[in-house]
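Text of coords-v6.cif, listed as mmCIF, N, CA and C atoms:
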data_upload
#
loop_
_atom_site.label_atom_id
_atom_site.label_comp_id
_atom_site.auth_asym_id
_atom_site.auth_seq_id
_atom_site.Cartn_x
_atom_site.Cartn_y
_atom_site.Cartn_z
N MET Z 22 -9.89 149.49 42.24
CA MET Z 22 -10.53 148.77 43.33
C MET Z 22 -9.81 147.45 43.51
N ASN Z 23 -9.84 146.93 44.74
CA ASN Z 23 -9.17 145.66 45.02
C ASN Z 23 -10.06 144.48 44.63
N ILE Z 24 -9.55 143.28 44.81
CA ILE Z 24 -10.27 142.09 44.38
C ILE Z 24 -11.56 141.90 45.16
N GLY Z 25 -11.56 142.25 46.44
CA GLY Z 25 -12.77 142.13 47.24
C GLY Z 25 -13.87 143.04 46.73
N ASP Z 26 -13.50 144.28 46.38
CA ASP Z 26 -14.48 145.21 45.83
C ASP Z 26 -15.00 144.72 44.47
N ALA Z 27 -14.08 144.23 43.64
CA ALA Z 27 -14.48 143.71 42.32
C ALA Z 27 -15.41 142.52 42.49
N ALA Z 28 -15.12 141.68 43.47
CA ALA Z 28 -15.97 140.51 43.73
C ALA Z 28 -17.36 140.96 44.17
N ASN Z 29 -17.42 141.90 45.09
CA ASN Z 29 -18.71 142.40 45.57
C ASN Z 29 -19.52 143.05 44.47
N ARG Z 30 -18.88 143.83 43.63
CA ARG Z 30 -19.59 144.56 42.58
C ARG Z 30 -20.00 143.66 41.41
N SER Z 31 -19.25 142.60 41.20
CA SER Z 31 -19.55 141.73 40.05
C SER Z 31 -20.40 140.52 40.42
N GLY Z 32 -20.38 140.13 41.69
CA GLY Z 32 -21.07 138.92 42.09
C GLY Z 32 -20.26 137.66 41.84
N VAL Z 33 -18.99 137.83 41.51
CA VAL Z 33 -18.08 136.71 41.27
C VAL Z 33 -17.10 136.67 42.44
N SER Z 34 -16.93 135.52 43.04
CA SER Z 34 -16.05 135.43 44.21
C SER Z 34 -14.61 135.75 43.84
N ALA Z 35 -13.86 136.20 44.83
CA ALA Z 35 -12.44 136.51 44.61
C ALA Z 35 -11.69 135.27 44.13
N LYS Z 36 -12.06 134.12 44.68
CA LYS Z 36 -11.42 132.86 44.26
C LYS Z 36 -11.66 132.61 42.78
N MET Z 37 -12.90 132.83 42.30
CA MET Z 37 -13.19 132.62 40.88
C MET Z 37 -12.49 133.67 40.01
N ILE Z 38 -12.39 134.89 40.50
CA ILE Z 38 -11.68 135.93 39.74
C ILE Z 38 -10.23 135.50 39.54
N ARG Z 39 -9.59 135.03 40.60
CA ARG Z 39 -8.20 134.57 40.47
C ARG Z 39 -8.12 133.38 39.51
N TYR Z 40 -9.10 132.48 39.57
CA TYR Z 40 -9.13 131.33 38.66
C TYR Z 40 -9.29 131.80 37.22
N TYR Z 41 -10.21 132.72 36.97
CA TYR Z 41 -10.41 133.22 35.61
C TYR Z 41 -9.14 133.88 35.08
N GLU Z 42 -8.41 134.57 35.94
CA GLU Z 42 -7.13 135.15 35.52
C GLU Z 42 -6.14 134.05 35.19
N ARG Z 43 -6.05 133.05 36.06
CA ARG Z 43 -5.07 131.97 35.89
C ARG Z 43 -5.29 131.22 34.58
N ILE Z 44 -6.56 131.01 34.19
CA ILE Z 44 -6.82 130.25 32.95
C ILE Z 44 -6.88 131.15 31.73
N GLY Z 45 -6.74 132.46 31.93
CA GLY Z 45 -6.71 133.39 30.81
C GLY Z 45 -8.08 133.83 30.31
N LEU Z 46 -9.14 133.55 31.07
CA LEU Z 46 -10.47 133.98 30.66
C LEU Z 46 -10.58 135.50 30.75
N ILE Z 47 -9.95 136.06 31.76
CA ILE Z 47 -9.87 137.53 31.88
C ILE Z 47 -8.40 137.91 31.92
N PRO Z 48 -8.10 139.14 31.51
CA PRO Z 48 -6.70 139.57 31.56
C PRO Z 48 -6.20 139.64 33.00
N THR Z 49 -4.92 139.44 33.16
CA THR Z 49 -4.31 139.56 34.48
C THR Z 49 -4.46 141.00 34.96
N ALA Z 50 -4.89 141.15 36.19
CA ALA Z 50 -5.11 142.48 36.75
C ALA Z 50 -3.78 143.20 36.95
N SER Z 51 -3.84 144.51 36.85
CA SER Z 51 -2.63 145.28 37.18
C SER Z 51 -2.41 145.16 38.68
N ARG Z 52 -1.22 145.49 39.11
CA ARG Z 52 -0.87 145.35 40.53
C ARG Z 52 -0.46 146.71 41.11
N THR Z 53 -0.80 146.86 42.37
CA THR Z 53 -0.35 148.07 43.07
C THR Z 53 1.12 147.89 43.42
N ALA Z 54 1.74 148.94 43.95
CA ALA Z 54 3.15 148.86 44.35
C ALA Z 54 3.36 147.79 45.41
N SER Z 55 2.33 147.54 46.22
CA SER Z 55 2.45 146.52 47.26
C SER Z 55 2.05 145.12 46.77
N GLY Z 56 1.70 145.00 45.49
CA GLY Z 56 1.43 143.70 44.89
C GLY Z 56 -0.02 143.26 44.87
N TYR Z 57 -0.93 144.13 45.33
CA TYR Z 57 -2.35 143.77 45.31
C TYR Z 57 -2.93 143.96 43.92
N ARG Z 58 -3.85 143.07 43.57
CA ARG Z 58 -4.54 143.21 42.29
C ARG Z 58 -5.38 144.48 42.31
N GLU Z 59 -5.46 145.10 41.14
CA GLU Z 59 -6.24 146.32 41.02
C GLU Z 59 -7.15 146.20 39.80
N TYR Z 60 -8.45 146.44 40.01
CA TYR Z 60 -9.44 146.27 38.96
C TYR Z 60 -10.10 147.59 38.61
N GLU Z 61 -10.49 147.66 37.35
CA GLU Z 61 -11.18 148.84 36.83
C GLU Z 61 -12.66 148.50 36.64
N PRO Z 62 -13.51 149.51 36.48
CA PRO Z 62 -14.93 149.25 36.22
C PRO Z 62 -15.16 148.34 35.01
N ARG Z 63 -14.33 148.45 33.98
CA ARG Z 63 -14.51 147.58 32.80
C ARG Z 63 -14.26 146.11 33.16
N ASP Z 64 -13.36 145.86 34.13
CA ASP Z 64 -13.12 144.49 34.58
C ASP Z 64 -14.36 143.93 35.28
N VAL Z 65 -15.00 144.76 36.09
CA VAL Z 65 -16.23 144.35 36.78
C VAL Z 65 -17.32 144.06 35.75
N HIS Z 66 -17.39 144.90 34.73
CA HIS Z 66 -18.38 144.71 33.66
C HIS Z 66 -18.16 143.35 32.98
N MET Z 67 -16.91 143.02 32.70
CA MET Z 67 -16.58 141.75 32.06
C MET Z 67 -16.91 140.59 33.01
N LEU Z 68 -16.63 140.74 34.29
CA LEU Z 68 -16.93 139.69 35.25
C LEU Z 68 -18.44 139.45 35.35
N ARG Z 69 -19.22 140.51 35.28
CA ARG Z 69 -20.68 140.35 35.28
C ARG Z 69 -21.15 139.60 34.03
N PHE Z 70 -20.55 139.94 32.90
CA PHE Z 70 -20.86 139.24 31.65
C PHE Z 70 -20.59 137.75 31.82
N ILE Z 71 -19.42 137.42 32.37
CA ILE Z 71 -19.03 136.03 32.58
C ILE Z 71 -20.00 135.34 33.54
N ALA Z 72 -20.38 136.02 34.61
CA ALA Z 72 -21.30 135.44 35.58
C ALA Z 72 -22.65 135.13 34.95
N ARG Z 73 -23.14 136.03 34.13
CA ARG Z 73 -24.42 135.79 33.46
C ARG Z 73 -24.32 134.62 32.49
N ALA Z 74 -23.19 134.53 31.78
CA ALA Z 74 -22.99 133.41 30.85
C ALA Z 74 -22.90 132.09 31.62
N ARG Z 75 -22.22 132.10 32.76
CA ARG Z 75 -22.14 130.88 33.58
C ARG Z 75 -23.52 130.49 34.09
N ASP Z 76 -24.32 131.48 34.49
CA ASP Z 76 -25.68 131.21 34.96
C ASP Z 76 -26.53 130.54 33.88
N LEU Z 77 -26.21 130.80 32.63
CA LEU Z 77 -26.94 130.19 31.52
C LEU Z 77 -26.33 128.84 31.10
N GLY Z 78 -25.29 128.43 31.82
CA GLY Z 78 -24.72 127.11 31.59
C GLY Z 78 -23.61 127.05 30.56
N PHE Z 79 -23.12 128.18 30.10
CA PHE Z 79 -22.03 128.15 29.12
C PHE Z 79 -20.75 127.67 29.80
N SER Z 80 -19.99 126.88 29.09
CA SER Z 80 -18.70 126.39 29.60
C SER Z 80 -17.67 127.51 29.49
N VAL Z 81 -16.53 127.30 30.11
CA VAL Z 81 -15.45 128.28 30.04
C VAL Z 81 -15.03 128.49 28.58
N ALA Z 82 -14.94 127.41 27.82
CA ALA Z 82 -14.56 127.52 26.41
C ALA Z 82 -15.59 128.33 25.63
N GLU Z 83 -16.86 128.08 25.90
CA GLU Z 83 -17.92 128.84 25.22
C GLU Z 83 -17.90 130.30 25.65
N ILE Z 84 -17.61 130.55 26.92
CA ILE Z 84 -17.53 131.93 27.39
C ILE Z 84 -16.37 132.65 26.74
N THR Z 85 -15.28 131.94 26.52
CA THR Z 85 -14.15 132.53 25.80
C THR Z 85 -14.60 132.97 24.41
N GLU Z 86 -15.37 132.12 23.73
CA GLU Z 86 -15.90 132.49 22.41
C GLU Z 86 -16.84 133.68 22.50
N LEU Z 87 -17.71 133.65 23.50
CA LEU Z 87 -18.65 134.76 23.68
C LEU Z 87 -17.92 136.07 23.96
N LEU Z 88 -16.90 136.02 24.79
CA LEU Z 88 -16.11 137.22 25.07
C LEU Z 88 -15.43 137.75 23.81
N ASP Z 89 -14.90 136.83 23.01
CA ASP Z 89 -14.27 137.25 21.75
C ASP Z 89 -15.29 137.92 20.84
N LEU Z 90 -16.47 137.34 20.77
CA LEU Z 90 -17.52 137.94 19.94
C LEU Z 90 -17.99 139.27 20.52
N TRP Z 91 -18.09 139.36 21.82
CA TRP Z 91 -18.52 140.57 22.50
C TRP Z 91 -17.57 141.73 22.22
N ARG Z 92 -16.28 141.40 22.20
CA ARG Z 92 -15.26 142.44 21.97
C ARG Z 92 -15.15 142.82 20.49
N ASP Z 93 -15.55 141.92 19.61
CA ASP Z 93 -15.44 142.14 18.17
C ASP Z 93 -16.64 142.93 17.66
N LYS Z 94 -16.45 144.17 17.37
CA LYS Z 94 -17.56 145.02 16.91
C LYS Z 94 -17.97 144.67 15.48
N ASP Z 95 -17.17 143.89 14.77
CA ASP Z 95 -17.51 143.46 13.41
C ASP Z 95 -18.08 142.04 13.40
N ARG Z 96 -18.46 141.56 14.56
CA ARG Z 96 -18.98 140.19 14.68
C ARG Z 96 -20.26 140.02 13.88
N ARG Z 97 -20.56 138.77 13.63
CA ARG Z 97 -21.84 138.41 13.01
C ARG Z 97 -22.76 137.92 14.13
N SER Z 98 -23.93 138.47 14.21
CA SER Z 98 -24.86 138.01 15.24
C SER Z 98 -25.20 136.54 15.04
N ALA Z 99 -25.08 136.06 13.80
CA ALA Z 99 -25.34 134.65 13.51
C ALA Z 99 -24.39 133.75 14.30
N ASP Z 100 -23.17 134.20 14.51
CA ASP Z 100 -22.20 133.41 15.28
C ASP Z 100 -22.61 133.33 16.75
N VAL Z 101 -23.10 134.44 17.29
CA VAL Z 101 -23.56 134.46 18.68
C VAL Z 101 -24.80 133.57 18.81
N LYS Z 102 -25.70 133.70 17.86
CA LYS Z 102 -26.93 132.91 17.88
C LYS Z 102 -26.61 131.42 17.81
N ALA Z 103 -25.64 131.04 17.00
CA ALA Z 103 -25.27 129.63 16.86
C ALA Z 103 -24.78 129.07 18.20
N LEU Z 104 -24.00 129.85 18.94
CA LEU Z 104 -23.54 129.42 20.26
C LEU Z 104 -24.72 129.23 21.21
N ALA Z 105 -25.64 130.19 21.18
CA ALA Z 105 -26.82 130.11 22.05
C ALA Z 105 -27.67 128.90 21.69
N GLN Z 106 -27.86 128.65 20.41
CA GLN Z 106 -28.68 127.51 19.99
C GLN Z 106 -28.02 126.18 20.36
N ALA Z 107 -26.71 126.11 20.27
CA ALA Z 107 -26.00 124.90 20.68
C ALA Z 107 -26.20 124.67 22.18
N ARG Z 108 -26.14 125.72 22.96
CA ARG Z 108 -26.36 125.63 24.41
C ARG Z 108 -27.78 125.17 24.70
N ILE Z 109 -28.75 125.70 23.95
CA ILE Z 109 -30.15 125.30 24.13
C ILE Z 109 -30.31 123.81 23.84
N ARG Z 110 -29.72 123.35 22.74
CA ARG Z 110 -29.81 121.91 22.40
C ARG Z 110 -29.23 121.05 23.52
N ASP Z 111 -28.08 121.46 24.02
CA ASP Z 111 -27.43 120.71 25.09
C ASP Z 111 -28.30 120.70 26.35
N LEU Z 112 -28.86 121.84 26.71
CA LEU Z 112 -29.72 121.91 27.89
C LEU Z 112 -30.97 121.05 27.72
N ARG Z 113 -31.59 121.10 26.55
CA ARG Z 113 -32.79 120.29 26.31
C ARG Z 113 -32.45 118.79 26.38
N HIS Z 114 -31.27 118.43 25.89
CA HIS Z 114 -30.81 117.05 25.96
C HIS Z 114 -30.65 116.62 27.42
N LYS Z 115 -30.03 117.47 28.22
CA LYS Z 115 -29.84 117.16 29.63
C LYS Z 115 -31.17 117.09 30.36
N ILE Z 116 -32.08 117.99 30.03
CA ILE Z 116 -33.41 117.97 30.64
C ILE Z 116 -34.10 116.65 30.34
N ALA Z 117 -34.03 116.20 29.09
CA ALA Z 117 -34.66 114.94 28.71
C ALA Z 117 -34.04 113.77 29.48
N HIS Z 118 -32.73 113.80 29.62
CA HIS Z 118 -32.04 112.75 30.35
C HIS Z 118 -32.46 112.76 31.83
N LEU Z 119 -32.51 113.92 32.43
CA LEU Z 119 -32.94 114.02 33.83
C LEU Z 119 -34.40 113.59 34.00
N GLN Z 120 -35.24 113.94 33.04
CA GLN Z 120 -36.65 113.54 33.11
C GLN Z 120 -36.76 112.02 33.01
N ASP Z 121 -35.98 111.42 32.15
CA ASP Z 121 -35.96 109.97 32.00
C ASP Z 121 -35.54 109.31 33.32
N MET Z 122 -34.51 109.86 33.95
CA MET Z 122 -34.05 109.33 35.23
C MET Z 122 -35.14 109.47 36.29
N ALA Z 123 -35.77 110.64 36.37
CA ALA Z 123 -36.82 110.87 37.36
C ALA Z 123 -38.00 109.92 37.13
N ASP Z 124 -38.40 109.74 35.88
CA ASP Z 124 -39.51 108.83 35.56
C ASP Z 124 -39.19 107.40 35.99
N THR Z 125 -37.98 106.97 35.72
CA THR Z 125 -37.57 105.62 36.08
C THR Z 125 -37.55 105.45 37.59
N LEU Z 126 -36.98 106.41 38.28
CA LEU Z 126 -36.93 106.33 39.74
C LEU Z 126 -38.33 106.37 40.34
N GLU Z 127 -39.20 107.15 39.73
CA GLU Z 127 -40.59 107.20 40.20
C GLU Z 127 -41.27 105.85 40.02
N GLU Z 128 -41.05 105.20 38.87
CA GLU Z 128 -41.62 103.88 38.63
C GLU Z 128 -41.11 102.89 39.68
N LEU Z 129 -39.83 102.95 39.97
CA LEU Z 129 -39.26 102.05 40.96
C LEU Z 129 -39.82 102.33 42.35
N ALA Z 130 -39.93 103.60 42.70
CA ALA Z 130 -40.47 103.98 44.01
C ALA Z 130 -41.93 103.55 44.13
N ASN Z 131 -42.69 103.67 43.06
CA ASN Z 131 -44.10 103.26 43.08
C ASN Z 131 -44.24 101.74 43.22
N ALA Z 132 -43.24 101.01 42.73
CA ALA Z 132 -43.28 99.55 42.82
C ALA Z 132 -42.88 99.05 44.20
N CYS Z 133 -42.32 99.92 45.00
CA CYS Z 133 -41.88 99.55 46.35
C CYS Z 133 -43.02 99.77 47.34
N ALA Z 134 -43.31 98.74 48.14
CA ALA Z 134 -44.39 98.85 49.11
C ALA Z 134 -44.04 99.83 50.23
N GLY Z 135 -42.79 99.99 50.51
CA GLY Z 135 -42.38 100.92 51.56
C GLY Z 135 -42.85 100.49 52.94
N ASN Z 136 -42.87 99.18 53.16
CA ASN Z 136 -43.35 98.67 54.44
C ASN Z 136 -42.19 98.13 55.28
N GLU Z 137 -42.48 97.30 56.24
CA GLU Z 137 -41.47 96.76 57.16
C GLU Z 137 -40.76 95.53 56.59
N ARG Z 138 -41.22 95.05 55.46
CA ARG Z 138 -40.62 93.85 54.86
C ARG Z 138 -39.33 94.22 54.13
N PRO Z 139 -38.40 93.29 54.00
CA PRO Z 139 -37.11 93.60 53.37
C PRO Z 139 -37.15 93.64 51.84
N ASN Z 140 -38.18 93.05 51.24
CA ASN Z 140 -38.25 93.01 49.78
C ASN Z 140 -38.37 94.44 49.23
N CYS Z 141 -37.44 94.80 48.35
CA CYS Z 141 -37.46 96.16 47.80
C CYS Z 141 -37.13 96.12 46.32
N PRO Z 142 -38.11 96.40 45.45
CA PRO Z 142 -37.88 96.38 44.01
C PRO Z 142 -36.81 97.39 43.57
N ILE Z 143 -36.66 98.47 44.31
CA ILE Z 143 -35.65 99.48 43.94
C ILE Z 143 -34.27 98.84 44.05
N LEU Z 144 -33.99 98.26 45.20
CA LEU Z 144 -32.67 97.63 45.40
C LEU Z 144 -32.48 96.45 44.46
N GLN Z 145 -33.54 95.67 44.24
CA GLN Z 145 -33.43 94.53 43.32
C GLN Z 145 -33.07 94.99 41.92
N ARG Z 146 -33.70 96.05 41.46
CA ARG Z 146 -33.42 96.56 40.11
C ARG Z 146 -32.00 97.09 40.02
N LEU Z 147 -31.56 97.82 41.04
CA LEU Z 147 -30.19 98.34 41.03
C LEU Z 147 -29.17 97.21 41.09
N GLU Z 148 -29.53 96.16 41.81
CA GLU Z 148 -28.64 95.00 41.93
C GLU Z 148 -28.49 94.27 40.61
N THR Z 149 -29.51 94.29 39.78
CA THR Z 149 -29.48 93.53 38.53
C THR Z 149 -28.93 94.33 37.36
N LEU Z 150 -28.41 95.53 37.62
CA LEU Z 150 -27.77 96.28 36.54
C LEU Z 150 -26.64 95.45 35.95
N ASP Z 151 -26.46 95.57 34.66
CA ASP Z 151 -25.34 94.87 34.02
C ASP Z 151 -24.05 95.37 34.60
N THR Z 152 -23.10 94.48 34.79
CA THR Z 152 -21.81 94.88 35.36
C THR Z 152 -21.01 95.76 34.41
N ASP Z 153 -21.35 95.75 33.12
CA ASP Z 153 -20.62 96.59 32.18
C ASP Z 153 -21.22 98.00 32.07
N ASP Z 154 -22.29 98.26 32.83
CA ASP Z 154 -22.85 99.61 32.81
C ASP Z 154 -21.84 100.59 33.37
N GLU Z 155 -21.83 101.75 32.79
CA GLU Z 155 -20.91 102.80 33.22
C GLU Z 155 -21.48 103.50 34.44
N PRO Z 156 -20.61 104.13 35.24
CA PRO Z 156 -21.12 104.97 36.33
C PRO Z 156 -21.99 106.07 35.75
N LEU Z 157 -22.97 106.52 36.51
CA LEU Z 157 -23.92 107.52 36.05
C LEU Z 157 -23.22 108.76 35.51
N SER Z 158 -22.14 109.16 36.16
CA SER Z 158 -21.46 110.40 35.75
C SER Z 158 -20.85 110.31 34.37
N ARG Z 159 -20.62 109.08 33.86
CA ARG Z 159 -20.02 108.94 32.53
C ARG Z 159 -20.98 108.40 31.51
N ARG Z 160 -22.23 108.20 31.89
CA ARG Z 160 -23.20 107.65 30.95
C ARG Z 160 -23.56 108.67 29.90
N ARG Z 161 -23.72 108.18 28.70
CA ARG Z 161 -24.12 109.05 27.60
C ARG Z 161 -25.63 109.25 27.68
N PRO Z 162 -26.08 110.49 27.68
CA PRO Z 162 -27.51 110.76 27.79
C PRO Z 162 -28.34 110.14 26.68
N GLU Z 163 -27.74 109.87 25.51
CA GLU Z 163 -28.51 109.31 24.40
C GLU Z 163 -29.07 107.94 24.78
N ARG Z 164 -28.36 107.22 25.62
CA ARG Z 164 -28.77 105.89 26.02
C ARG Z 164 -29.75 106.04 27.17
N GLY Z 165 -30.96 105.61 26.98
CA GLY Z 165 -32.02 105.82 27.97
C GLY Z 165 -31.71 105.21 29.32
N PHE Z 166 -32.00 105.94 30.37
CA PHE Z 166 -31.79 105.46 31.73
C PHE Z 166 -32.65 104.24 32.00
N LYS Z 167 -33.92 104.30 31.56
CA LYS Z 167 -34.82 103.15 31.77
C LYS Z 167 -34.25 101.91 31.10
N GLU Z 168 -33.68 102.11 29.93
CA GLU Z 168 -33.12 101.00 29.18
C GLU Z 168 -31.96 100.36 29.96
N ARG Z 169 -31.16 101.20 30.64
CA ARG Z 169 -30.01 100.68 31.38
C ARG Z 169 -30.42 99.91 32.63
N ILE Z 170 -31.51 100.32 33.28
CA ILE Z 170 -31.88 99.61 34.51
C ILE Z 170 -33.03 98.64 34.27
N GLY Z 171 -33.39 98.47 33.04
CA GLY Z 171 -34.39 97.47 32.70
C GLY Z 171 -35.81 97.91 32.97
N GLY Z 172 -36.05 99.22 32.92
CA GLY Z 172 -37.39 99.76 33.19
C GLY Z 172 -38.22 99.86 31.95
#
Would you mind writing the structure in this file as structure tokens?
Amino acid sequence: MNIGDAANRSGVSAKMIRYYERIGLIPTASRTASGYREYEPRDVHMLRFIARARDLGFSVAEITELLDLWRDKDRRSADVKALAQARIRDLRHKIAHLQDMADTLEELANACAGNERPNCPILQRLETLDTDDEPLSRRRPERGFKERIGG
């Protein structure tokens, strides 16, 4: 089957399939005489596995480990469980960080009258952030969001 068929059957876009090949997550597809990629049902099965792992938040590196364990019939289930537990810890950490951010923003929104006057505690609090604070995208979740904005 061609890449479009593999994409439709696996739920993984053709662009992602090509990316997964390029980074070595999946083997390079065989080619037809005219140079088109050709996929087998086992390739679609692997792509579905990858899609489910991505849906659970596993990184490409973790998926590589999971694929290695999946292919290894002598694997230890303890190794698979350890990967899953590490993912759970990371997700719970992110959830706590997001909850902290939501709580802080809610407190700020509740402090704002939301009227026609220019005074806004939300903007005032954001304005008074320390200049050495990191951008949100690089902040370490261990450091409380409320603590950073003075909440």
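The coordinates place atom N of Z:Ser31 at 6.5 Å from atom CA of Z:Arg69.
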Running DSSP on the backbone, which parts of stretch 37-115 of chain Z land in alpha helix (DSSP H), as an NGL selection string?
:Z and (37-43 or 62-76 or 81-92 or 98-115)
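Atom CA of Z:Glu86 lies 12.7 Å from atom CA of Z:Arg108.
Secondary structure by DSSP on the backbone puts the following residues of stretch 26-165 of chain Z in strand (DSSP E): Ser51, Arg52, Arg58 and Glu59 of chain Z.
Each of Z:Asp89, Z:Tyr60, Z:Tyr40, Z:Asn136 was checked against Z:Asp26 using all atoms listed in the file; the smallest atom-to-atom distance is that of Z:Tyr60.
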Just want the 12 Å neighbourhood of Z:Glu83, counted on only C-alpha atoms, with same-chain residues fewer than 2 positions away dropped. Output as a count of residues only.
22
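Here atom C of Z:Leu129 is placed at a distance of 5.3 Å from atom CA of Z:Ile143.
Among Z:Ala132, Z:Leu112, Z:Ile44, Z:Ile38, the residue with the shortest atom-to-atom distance to Z:Arg58, counting only C-alpha atoms, is Z:Ile38.
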Kindly provide, as JSON, the centre and edge lengths (Å, one decimal) of an axis-aligned box around all atoms of stretch 115-129 of chain Z given in the file, with 6 Å on each side.
{"center_x": -35.7, "center_y": 110.0, "center_z": 35.3, "size_x": 23.8, "size_y": 27.9, "size_z": 26.1}
Apply the PyMOL selection byres (((chain Z and resi 35 and name CA) around 12) and name CA) to the file shown and report the selected residues as an MDAnalysis selection string.
chainID Z and resid 23:34 36:42 58 60 65 68
Would you mind writing stretch 78-89 of chain Z with N, CA, C and O atoms, as a short mmCIF file (atom, residue, chain, number, x, y, z; two decimals), in the coordinates of the input?
data_model
loop_
_atom_site.label_atom_id
_atom_site.label_comp_id
_atom_site.auth_asym_id
_atom_site.auth_seq_id
_atom_site.Cartn_x
_atom_site.Cartn_y
_atom_site.Cartn_z
N GLY Z 78 -25.29 128.43 31.82
CA GLY Z 78 -24.72 127.11 31.59
C GLY Z 78 -23.61 127.05 30.56
O GLY Z 78 -23.20 125.95 30.18
N PHE Z 79 -23.12 128.18 30.10
CA PHE Z 79 -22.03 128.15 29.12
C PHE Z 79 -20.75 127.67 29.80
O PHE Z 79 -20.48 128.02 30.95
N SER Z 80 -19.99 126.88 29.09
CA SER Z 80 -18.70 126.39 29.60
C SER Z 80 -17.67 127.51 29.49
O SER Z 80 -17.89 128.52 28.83
N VAL Z 81 -16.53 127.30 30.11
CA VAL Z 81 -15.45 128.28 30.04
C VAL Z 81 -15.03 128.49 28.58
O VAL Z 81 -14.82 129.62 28.15
N ALA Z 82 -14.94 127.41 27.82
CA ALA Z 82 -14.56 127.52 26.41
C ALA Z 82 -15.59 128.33 25.63
O ALA Z 82 -15.23 129.19 24.80
N GLU Z 83 -16.86 128.08 25.90
CA GLU Z 83 -17.92 128.84 25.22
C GLU Z 83 -17.90 130.30 25.65
O GLU Z 83 -18.13 131.20 24.84
N ILE Z 84 -17.61 130.55 26.92
CA ILE Z 84 -17.53 131.93 27.39
C ILE Z 84 -16.37 132.65 26.74
O ILE Z 84 -16.48 133.83 26.39
N THR Z 85 -15.28 131.94 26.52
CA THR Z 85 -14.15 132.53 25.80
C THR Z 85 -14.60 132.97 24.41
O THR Z 85 -14.30 134.09 23.97
N GLU Z 86 -15.37 132.12 23.73
CA GLU Z 86 -15.90 132.49 22.41
C GLU Z 86 -16.84 133.68 22.50
O GLU Z 86 -16.79 134.59 21.67
N LEU Z 87 -17.71 133.65 23.50
CA LEU Z 87 -18.65 134.76 23.68
C LEU Z 87 -17.92 136.07 23.96
O LEU Z 87 -18.29 137.12 23.42
N LEU Z 88 -16.90 136.02 24.79
CA LEU Z 88 -16.11 137.22 25.07
C LEU Z 88 -15.43 137.75 23.81
O LEU Z 88 -15.41 138.96 23.58
N ASP Z 89 -14.90 136.83 23.01
CA ASP Z 89 -14.27 137.25 21.75
C ASP Z 89 -15.29 137.92 20.84
O ASP Z 89 -15.00 138.96 20.23
#
